[in-house]
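Shown here: start-v8.cif, mmCIF, C-alpha atoms.
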```cif
data_model
#
loop_
_atom_site.label_atom_id
_atom_site.label_comp_id
_atom_site.auth_asym_id
_atom_site.auth_seq_id
_atom_site.Cartn_x
_atom_site.Cartn_y
_atom_site.Cartn_z
CA GLU R 1004 -266.72 15.67 -56.67
CA ASN R 1005 -268.48 19.02 -56.14
CA PHE R 1006 -270.21 21.10 -53.48
CA GLU R 1007 -273.64 21.29 -55.10
CA GLY R 1008 -276.45 20.61 -52.66
CA CYS R 1009 -274.08 20.06 -49.75
CA SER R 1010 -275.18 20.56 -46.15
CA PHE R 1011 -273.88 20.13 -42.61
CA LEU R 1012 -274.83 17.02 -40.66
CA LEU R 1013 -274.88 17.23 -36.88
CA LYS R 1014 -273.63 13.92 -35.51
CA GLU R 1015 -274.23 12.87 -31.92
CA LYS R 1016 -270.98 12.68 -30.01
CA LYS R 1017 -270.31 9.42 -28.21
CA LEU R 1018 -269.32 9.35 -24.54
CA LEU R 1019 -265.64 8.79 -25.33
CA GLY R 1020 -265.42 11.94 -27.43
CA PRO R 1021 -263.44 15.03 -26.45
CA SER R 1022 -264.97 17.62 -24.14
CA LYS R 1023 -265.61 21.24 -25.10
CA ARG R 1024 -262.32 22.92 -25.98
CA TRP R 1025 -260.44 25.41 -28.14
CA GLY R 1026 -256.87 25.65 -29.46
CA HIS R 1027 -256.85 21.93 -30.35
CA THR R 1028 -255.74 20.28 -33.60
CA ALA R 1029 -257.26 17.66 -35.90
CA VAL R 1030 -255.65 15.65 -38.71
CA LEU R 1031 -257.10 13.17 -41.19
CA GLN R 1032 -255.67 9.63 -41.13
CA ASN R 1033 -257.37 7.48 -43.77
CA ASP R 1034 -260.94 6.98 -42.48
CA HIS R 1035 -260.22 8.51 -39.07
CA MET R 1036 -259.81 11.98 -37.62
CA LEU R 1037 -257.30 12.38 -34.78
CA VAL R 1038 -258.04 15.16 -32.28
CA PHE R 1039 -255.34 16.30 -29.89
CA GLY R 1040 -254.89 18.91 -27.17
CA GLY R 1041 -256.72 22.16 -26.63
CA ASN R 1042 -257.80 24.26 -23.70
CA THR R 1043 -260.49 22.43 -21.78
CA GLU R 1044 -262.33 22.62 -18.48
CA ASN R 1045 -261.36 19.03 -17.67
CA PRO R 1046 -257.61 18.48 -18.16
CA PRO R 1047 -256.49 14.83 -17.86
CA LYS R 1048 -255.55 13.83 -14.31
CA SER R 1049 -252.63 11.74 -15.57
CA GLY R 1050 -250.84 14.82 -16.89
CA VAL R 1051 -250.62 13.26 -20.37
CA GLU R 1052 -252.97 14.47 -23.08
CA PRO R 1053 -254.98 11.67 -24.75
CA VAL R 1054 -255.68 11.39 -28.46
CA PHE R 1055 -259.30 11.05 -29.58
CA ARG R 1056 -259.83 9.07 -32.78
CA LEU R 1057 -263.08 9.50 -34.69
CA ASN R 1058 -264.13 6.76 -37.10
CA LEU R 1059 -265.62 8.67 -40.05
CA ARG R 1060 -267.65 5.64 -41.15
CA THR R 1061 -269.33 4.85 -37.83
CA TRP R 1062 -269.00 8.32 -36.22
CA GLU R 1063 -267.73 6.70 -33.02
CA PHE R 1064 -264.95 8.18 -30.92
CA GLU R 1065 -262.19 6.14 -29.36
CA ARG R 1066 -259.96 7.52 -26.60
CA LEU R 1067 -256.30 6.56 -27.06
CA ASP R 1068 -254.30 6.77 -23.84
CA ALA R 1069 -250.57 6.17 -24.19
CA GLU R 1070 -247.67 6.82 -21.86
CA GLY R 1071 -244.80 9.15 -22.63
CA GLY R 1072 -246.84 11.71 -24.53
CA PRO R 1073 -246.92 15.48 -24.18
CA ALA R 1074 -248.62 17.23 -21.26
CA PRO R 1075 -251.87 19.15 -21.87
CA ARG R 1076 -251.50 22.25 -24.05
CA ASP R 1077 -253.10 24.37 -26.74
CA SER R 1078 -252.11 26.45 -29.78
CA HIS R 1079 -249.62 23.80 -30.86
CA SER R 1080 -248.92 22.38 -34.33
CA CYS R 1081 -249.94 18.93 -35.50
CA VAL R 1082 -248.93 17.39 -38.85
CA LEU R 1083 -249.54 13.92 -40.28
CA LEU R 1084 -246.61 12.38 -42.15
CA GLY R 1085 -247.57 9.00 -43.54
CA ASN R 1086 -249.51 7.35 -40.69
CA LYS R 1087 -247.58 9.13 -37.94
CA MET R 1088 -248.78 12.25 -36.17
CA PHE R 1089 -246.08 14.76 -35.32
CA VAL R 1090 -246.88 17.30 -32.61
CA TRP R 1091 -244.56 20.25 -32.33
CA VAL R 1092 -245.52 21.34 -28.87
CA ALA R 1093 -244.21 24.86 -28.92
CA ALA R 1094 -247.50 25.80 -27.35
CA GLN R 1095 -249.07 27.17 -24.23
CA LEU R 1096 -248.48 24.90 -21.28
CA SER R 1097 -250.32 26.08 -18.17
CA ARG R 1098 -249.73 25.22 -14.55
CA TYR R 1099 -253.02 26.99 -13.93
CA PRO R 1100 -256.35 25.10 -14.18
CA PHE R 1101 -257.42 25.27 -17.80
CA PHE R 1102 -259.98 27.92 -18.60
CA ILE R 1103 -262.61 28.22 -21.31
CA HIS R 1104 -264.21 31.61 -20.63
CA ALA R 1105 -261.19 33.56 -19.38
CA THR R 1106 -261.39 37.34 -19.34
CA LYS R 1107 -258.60 39.45 -20.80
CA GLU R 1108 -257.66 40.58 -17.30
CA LEU R 1109 -257.35 36.96 -16.12
CA VAL R 1110 -255.12 36.05 -19.05
CA VAL R 1111 -252.84 39.06 -18.34
CA GLU R 1112 -252.65 38.08 -14.65
CA ILE R 1113 -251.76 34.46 -15.47
CA GLN R 1114 -249.10 35.55 -17.97
CA SER R 1115 -247.57 38.06 -15.54
CA LYS R 1116 -247.19 35.33 -12.92
CA GLY R 1117 -245.41 33.03 -15.34
CA LEU R 1118 -248.18 30.44 -15.21
CA ILE R 1119 -248.32 30.07 -19.00
CA GLN R 1120 -245.20 28.82 -20.72
CA THR R 1121 -244.18 27.97 -24.25
CA ARG R 1122 -242.25 24.87 -25.29
CA ASN R 1123 -240.40 23.72 -28.38
CA ASP R 1124 -240.35 19.96 -27.87
CA MET R 1125 -241.65 17.46 -30.43
CA TYR R 1126 -243.48 14.14 -30.16
CA CYS R 1127 -244.54 11.47 -32.63
CA PHE R 1128 -247.63 9.28 -32.23
CA ASP R 1129 -247.92 6.11 -34.35
CA GLY R 1130 -251.45 5.18 -33.26
CA THR R 1131 -250.48 3.25 -30.15
CA THR R 1132 -247.35 4.80 -28.63
CA TRP R 1133 -245.76 8.21 -28.19
CA ARG R 1134 -242.09 8.88 -28.92
CA ARG R 1135 -240.28 12.08 -28.04
CA ILE R 1136 -238.18 13.33 -30.94
CA HIS R 1137 -234.58 14.32 -30.33
CA GLN R 1138 -234.46 17.42 -32.51
CA GLN R 1139 -231.24 18.50 -34.15
CA GLY R 1140 -230.04 21.44 -36.21
CA GLN R 1141 -231.52 24.94 -36.03
CA VAL R 1142 -234.42 24.10 -33.71
CA PRO R 1143 -237.05 26.88 -33.67
CA ALA R 1144 -237.37 28.92 -30.49
CA SER R 1145 -240.40 28.19 -28.31
CA ARG R 1146 -243.60 29.90 -29.47
CA GLU R 1147 -247.30 29.35 -30.08
CA SER R 1148 -249.90 29.96 -32.81
CA GLN R 1149 -247.45 29.19 -35.62
CA VAL R 1150 -248.28 27.70 -39.02
CA ALA R 1151 -247.15 24.15 -39.83
CA VAL R 1152 -247.92 21.90 -42.81
CA GLY R 1153 -246.60 18.55 -44.01
CA LEU R 1154 -244.87 18.03 -47.35
CA GLU R 1155 -244.36 14.73 -49.21
CA ASP R 1156 -244.93 12.62 -46.05
CA ARG R 1157 -241.46 13.64 -44.87
CA TRP R 1158 -241.05 17.36 -44.28
CA ILE R 1159 -242.68 19.85 -41.91
CA PHE R 1160 -242.81 23.50 -42.92
CA LEU R 1161 -243.11 25.90 -39.97
CA TYR R 1162 -243.63 29.67 -40.12
CA GLY R 1163 -244.26 32.52 -37.72
CA GLY R 1164 -245.96 32.36 -34.34
CA CYS R 1165 -245.59 34.44 -31.20
CA LYS R 1166 -244.28 34.37 -27.65
CA ASP R 1167 -245.53 36.93 -25.14
CA LYS R 1168 -245.20 40.22 -27.09
CA GLN R 1169 -242.70 38.88 -29.62
CA HIS R 1170 -243.90 37.96 -33.11
CA PHE R 1171 -241.91 35.78 -35.50
CA SER R 1172 -241.44 35.84 -39.26
CA ASP R 1173 -238.83 33.08 -39.44
CA ILE R 1174 -239.28 29.91 -41.49
CA PHE R 1175 -238.04 26.39 -40.74
CA LEU R 1176 -238.11 23.03 -42.45
CA PHE R 1177 -237.98 19.75 -40.50
CA ASP R 1178 -236.73 16.49 -42.02
CA SER R 1179 -238.49 13.58 -40.29
CA GLN R 1180 -235.92 11.11 -41.62
CA SER R 1181 -232.99 12.79 -39.88
CA ASN R 1182 -234.91 14.76 -37.18
CA TYR R 1183 -233.01 17.82 -38.38
CA TRP R 1184 -234.31 21.40 -38.55
CA PHE R 1185 -233.16 23.81 -41.26
CA GLU R 1186 -233.78 27.54 -40.93
CA LEU R 1187 -234.52 29.33 -44.20
CA ARG R 1188 -232.85 32.60 -43.23
CA GLU R 1189 -233.01 34.12 -46.70
CA LEU R 1190 -236.84 34.13 -46.49
CA LYS R 1191 -237.05 35.77 -43.06
CA ASP R 1192 -237.46 39.31 -44.43
CA LYS R 1193 -239.66 38.26 -47.35
CA LEU R 1194 -242.61 37.29 -45.18
CA PRO R 1195 -244.17 39.47 -42.46
CA SER R 1196 -244.34 38.38 -38.83
CA ARG R 1197 -247.59 36.55 -38.32
CA GLU R 1198 -249.53 34.55 -35.73
CA ASN R 1199 -252.77 32.57 -36.01
CA ALA R 1200 -252.49 32.47 -39.80
CA SER R 1201 -253.47 29.43 -41.88
CA ALA R 1202 -251.80 27.45 -44.62
CA CYS R 1203 -252.50 24.71 -47.15
CA ILE R 1204 -250.73 23.03 -50.07
CA ILE R 1205 -251.62 23.81 -53.69
CA LYS R 1206 -249.62 22.01 -56.42
CA GLY R 1207 -246.74 21.38 -54.04
CA GLN R 1208 -246.51 25.00 -52.89
CA ILE R 1209 -247.38 26.39 -49.47
CA VAL R 1210 -250.08 29.07 -49.44
CA VAL R 1211 -250.34 31.21 -46.28
CA PHE R 1212 -253.38 33.42 -45.63
CA GLY R 1213 -254.31 36.02 -43.02
CA GLY R 1214 -253.41 36.06 -39.34
CA LEU R 1215 -252.38 38.74 -36.86
CA ASP R 1216 -249.44 41.06 -37.59
CA HIS R 1217 -246.95 42.35 -35.01
CA LYS R 1218 -249.41 45.09 -33.97
CA GLY R 1219 -252.20 42.59 -33.36
CA LYS R 1220 -254.07 43.71 -36.49
CA GLN R 1221 -255.97 41.13 -38.52
CA THR R 1222 -254.81 40.70 -42.12
CA ASN R 1223 -256.06 39.16 -45.35
CA ASP R 1224 -252.93 39.03 -47.48
CA MET R 1225 -251.79 35.80 -49.09
CA TYR R 1226 -248.34 34.43 -49.87
CA ARG R 1227 -247.11 31.49 -51.92
CA ILE R 1228 -243.87 29.72 -50.91
CA GLY R 1229 -242.16 27.32 -53.27
CA LEU R 1230 -239.45 24.86 -52.25
CA LYS R 1231 -237.44 22.34 -54.23
CA LEU R 1232 -237.32 19.32 -51.93
CA PRO R 1233 -234.33 17.04 -52.68
CA SER R 1234 -233.95 13.45 -51.55
CA LYS R 1235 -231.00 14.56 -49.42
CA LEU R 1236 -230.78 18.06 -48.00
CA ASN R 1237 -227.33 19.32 -47.07
CA SER R 1238 -228.02 23.05 -46.99
CA PRO R 1239 -231.11 25.32 -47.05
CA ASN R 1240 -229.70 26.75 -50.29
CA ASP R 1241 -230.52 23.42 -51.95
CA LEU R 1242 -234.22 24.21 -51.47
CA GLN R 1243 -234.12 27.19 -53.86
CA PRO R 1244 -236.85 28.90 -51.80
CA ARG R 1245 -239.04 31.57 -53.38
CA VAL R 1246 -241.85 33.74 -52.04
CA GLU R 1247 -244.58 35.54 -53.95
CA GLU R 1248 -247.39 37.69 -52.60
CA ILE R 1249 -250.60 36.76 -54.37
CA SER R 1250 -252.68 39.57 -55.87
CA TYR R 1251 -256.47 39.28 -55.87
CA TYR R 1252 -258.46 39.96 -59.00
CA ASN R 1253 -261.75 40.30 -57.15
CA SER R 1254 -263.02 40.70 -53.60
CA ALA R 1255 -261.00 38.80 -50.98
CA PRO R 1256 -262.11 37.35 -47.64
CA SER R 1257 -262.16 39.94 -44.88
CA ALA R 1258 -259.15 40.27 -42.58
CA ARG R 1259 -259.13 37.53 -39.94
CA ALA R 1260 -257.08 35.31 -37.64
CA GLY R 1261 -257.60 31.93 -36.00
CA HIS R 1262 -259.39 30.64 -39.10
CA CYS R 1263 -258.68 27.52 -41.15
CA THR R 1264 -258.05 26.87 -44.83
CA ILE R 1265 -258.11 23.71 -46.89
CA ALA R 1266 -257.12 22.94 -50.46
CA TYR R 1267 -259.71 21.45 -52.82
CA ARG R 1268 -258.84 19.70 -56.10
CA ASN R 1269 -255.31 21.10 -55.90
CA ARG R 1270 -256.67 24.42 -57.14
CA TYR R 1271 -259.22 26.01 -54.79
CA ILE R 1272 -258.63 27.37 -51.31
CA ILE R 1273 -261.56 27.30 -48.88
CA VAL R 1274 -261.40 29.73 -45.93
CA LEU R 1275 -263.58 29.15 -42.90
CA GLY R 1276 -264.08 31.01 -39.64
CA GLY R 1277 -261.78 33.43 -37.87
#
```
Any chance you could put this one into C-alpha cells?
Amino acid sequence: ENFEGCSFLLKEKKLLGPSKRWGHTAVLQNDHMLVFGGNTENPPKSGVEPVFRLNLRTWEFERLDAEGGPAPRDSHSCVLLGNKMFVWVAAQLSRYPFFIHATKELVVEIQSKGLIQTRNDMYCFDGTTWRRIHQQGQVPASRESQVAVGLEDRWIFLYGGCKDKQHFSDIFLFDSQSNYWFELRELKDKLPSRENASACIIKGQIVVFGGLDHKGKQTNDMYRIGLKLPSKLNSPNDLQPRVEEISYYNSAPSARAGHCTIAYRNRYIIVLGG
C-alpha cells in the first residue's frame, strides 16, 4: 500500500533465466513476468527468440520455446492485452553477431553496411504459441525505440521512435479485435519527435515523459494524451484526441532517455534510470 521501509531484494537467477542483455522488454502477467528479446552475447541458434517467464512467487524462470515467433531483436515494443503478449517488432534486427559492449565506431560501421535493419511486423504470444498478426489500415513505418502502451485490454497506443537519422512524431492506435491501425494525423504536430521516451497510464490517459529529440538531446518534458475509446472505431475523429503539455510546480527529474516510468495508485508517476 505504500513505499515506507521498502528495499531491493537480490534474487538468485535460475539456470533457465535470460542471459545478460539490453534493449529487452518485460510485461506483468498475473503472478508472472514475461521477458522477451534484447541484445545479447548468446543469440538463440534456432533463429527464434524465446520468452522467459519468471514466477514471482517462487522466483524461478521458465524458458518458453515456441515455433513461428519473431527472430532475435532489440528496442522493440511489447504490450500485454488480457493474457496475450503483443510484440510490435519494428526493432533492430541484426545479421551481425549480437554485441553487448559495442563502440560507437562499430555501431556506425554496422549501420553503414546495412547489417542492422528495422521491421514493422507484429506477433502475438498466448503463453504457448506465437501467431503473426496480419496488420491492416495505416500500418506504422518501420522504426525502433518507440513508445507503446496498452489500453483497456484491446488497444495499443504507439508514438514516436526513430530509423537511422529520421525521428518520428506520429501517433497510431491499434485495435486488437480487428488488427487495424489508425493514424492520428491531427496530433502529429502537437507532440515533438521523440525516441527512447517512456509512457504510462494515469486515469485512462497516456502520459509521456522525456526521451531524445530530433537533435539527439535528452529532454524532461511531459505530455498528457487523452482519447475517447468507443466500442467500434470507424474513424480517428471518433477518438476526440487531445494533447496537453504538463507544467511542473516544483523541480522535475533531470533530462534523460532510455528510462522507465510506472503509474502508482492511478495518481503518481515513478521515473527510474535513463
Chain and number of each residue from the PyMOL selection byres ((chain R and resi 1141) around 7), as a PDB file with C-alpha atoms, in the coordinates of the input:
```
ATOM      1  CA  GLN R1139    -231.240  18.500 -34.150  1.00  0.00           C
ATOM      2  CA  GLY R1140    -230.040  21.440 -36.210  1.00  0.00           C
ATOM      3  CA  VAL R1142    -234.420  24.100 -33.710  1.00  0.00           C
ATOM      4  CA  PRO R1143    -237.050  26.880 -33.670  1.00  0.00           C
ATOM      5  CA  TRP R1184    -234.310  21.400 -38.550  1.00  0.00           C
ATOM      6  CA  PHE R1185    -233.160  23.810 -41.260  1.00  0.00           C
ATOM      7  CA  GLU R1186    -233.780  27.540 -40.930  1.00  0.00           C
TER       8      GLU R1186
END
```
Contacts of Gln1243 (chain R) at 8 Å or less, counting all atoms listed in the file, minus same-chain residues fewer than 4 places along, as a list in words?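 Residues meeting the cut-off are Leu1230, Lys1231 and Pro1239 of chain R.
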Let me know the residues the PyMOL selection byres ((chain R and resi 1021) around 10) catches in the file above, as a VMD selection string. chain R and resid 1016 to 1020 1022 to 1024 1038 to 1041 1043 1045 1053 to 1057 1064 to 1066
For the provided coordinates, the residues matched by the PyMOL selection byres ((chain R and resi 1091) around 12) should be stated as a VMD selection string. chain R and resid 1028 1039 to 1040 1072 to 1073 1076 to 1083 1088 to 1090 1092 to 1095 1121 to 1128 1135 to 1138 1142 to 1153 1159 to 1161 1177
Neighbour list for region 1206-1222 of chain R as a ChimeraX atom specification, cut-off 9 Å, all atoms listed in the file, skip fewer than 3 positions in-chain: /R:1150,1152,1154-1155,1160,1165,1168-1171,1195-1203,1225-1230,1257-1262,1264,1269-1270,1272,1274,1277
Write a file for region 1213-1225 of chain R, containing N, CA, C and O atoms (output as a compact mmCIF listing (two decimals), in the first residue's frame).
```
# COMPACT_ATOMS: atom_id res chain seq x y z
N GLY R 1213 10.06 12.58 -21.20
CA GLY R 1213 11.46 12.52 -21.59
C GLY R 1213 11.73 11.95 -22.96
O GLY R 1213 10.89 11.95 -23.85
N GLY R 1214 12.97 11.44 -23.13
CA GLY R 1214 13.40 10.87 -24.40
C GLY R 1214 14.36 11.78 -25.14
O GLY R 1214 14.71 12.88 -24.67
N LEU R 1215 14.81 11.34 -26.30
CA LEU R 1215 15.71 12.10 -27.14
C LEU R 1215 14.92 12.84 -28.22
O LEU R 1215 14.04 12.26 -28.85
N ASP R 1216 15.27 14.13 -28.45
CA ASP R 1216 14.62 14.87 -29.53
C ASP R 1216 15.34 14.61 -30.86
O ASP R 1216 16.26 13.78 -30.93
N HIS R 1217 14.95 15.32 -31.90
CA HIS R 1217 15.49 15.06 -33.24
C HIS R 1217 16.97 15.43 -33.35
O HIS R 1217 17.64 15.03 -34.31
N LYS R 1218 17.49 16.20 -32.39
CA LYS R 1218 18.91 16.55 -32.38
C LYS R 1218 19.73 15.63 -31.48
O LYS R 1218 20.93 15.84 -31.30
N GLY R 1219 19.06 14.63 -30.91
CA GLY R 1219 19.75 13.72 -30.00
C GLY R 1219 19.93 14.27 -28.60
O GLY R 1219 20.71 13.72 -27.81
N LYS R 1220 19.19 15.33 -28.27
CA LYS R 1220 19.29 15.95 -26.95
C LYS R 1220 18.29 15.31 -26.01
O LYS R 1220 17.13 15.10 -26.36
N GLN R 1221 18.72 15.02 -24.78
CA GLN R 1221 17.83 14.47 -23.78
C GLN R 1221 16.84 15.53 -23.30
O GLN R 1221 17.19 16.71 -23.21
N THR R 1222 15.63 15.10 -23.00
CA THR R 1222 14.57 16.03 -22.60
C THR R 1222 13.93 15.58 -21.28
O THR R 1222 14.11 14.44 -20.85
N ASN R 1223 13.18 16.48 -20.67
CA ASN R 1223 12.42 16.13 -19.47
C ASN R 1223 11.03 16.74 -19.48
O ASN R 1223 10.45 16.99 -18.42
N ASP R 1224 10.50 16.99 -20.68
CA ASP R 1224 9.14 17.49 -20.75
C ASP R 1224 8.14 16.34 -20.65
O ASP R 1224 8.49 15.17 -20.82
N MET R 1225 6.91 16.68 -20.36
CA MET R 1225 5.88 15.67 -20.14
C MET R 1225 4.59 16.08 -20.84
O MET R 1225 4.21 17.26 -20.81
```
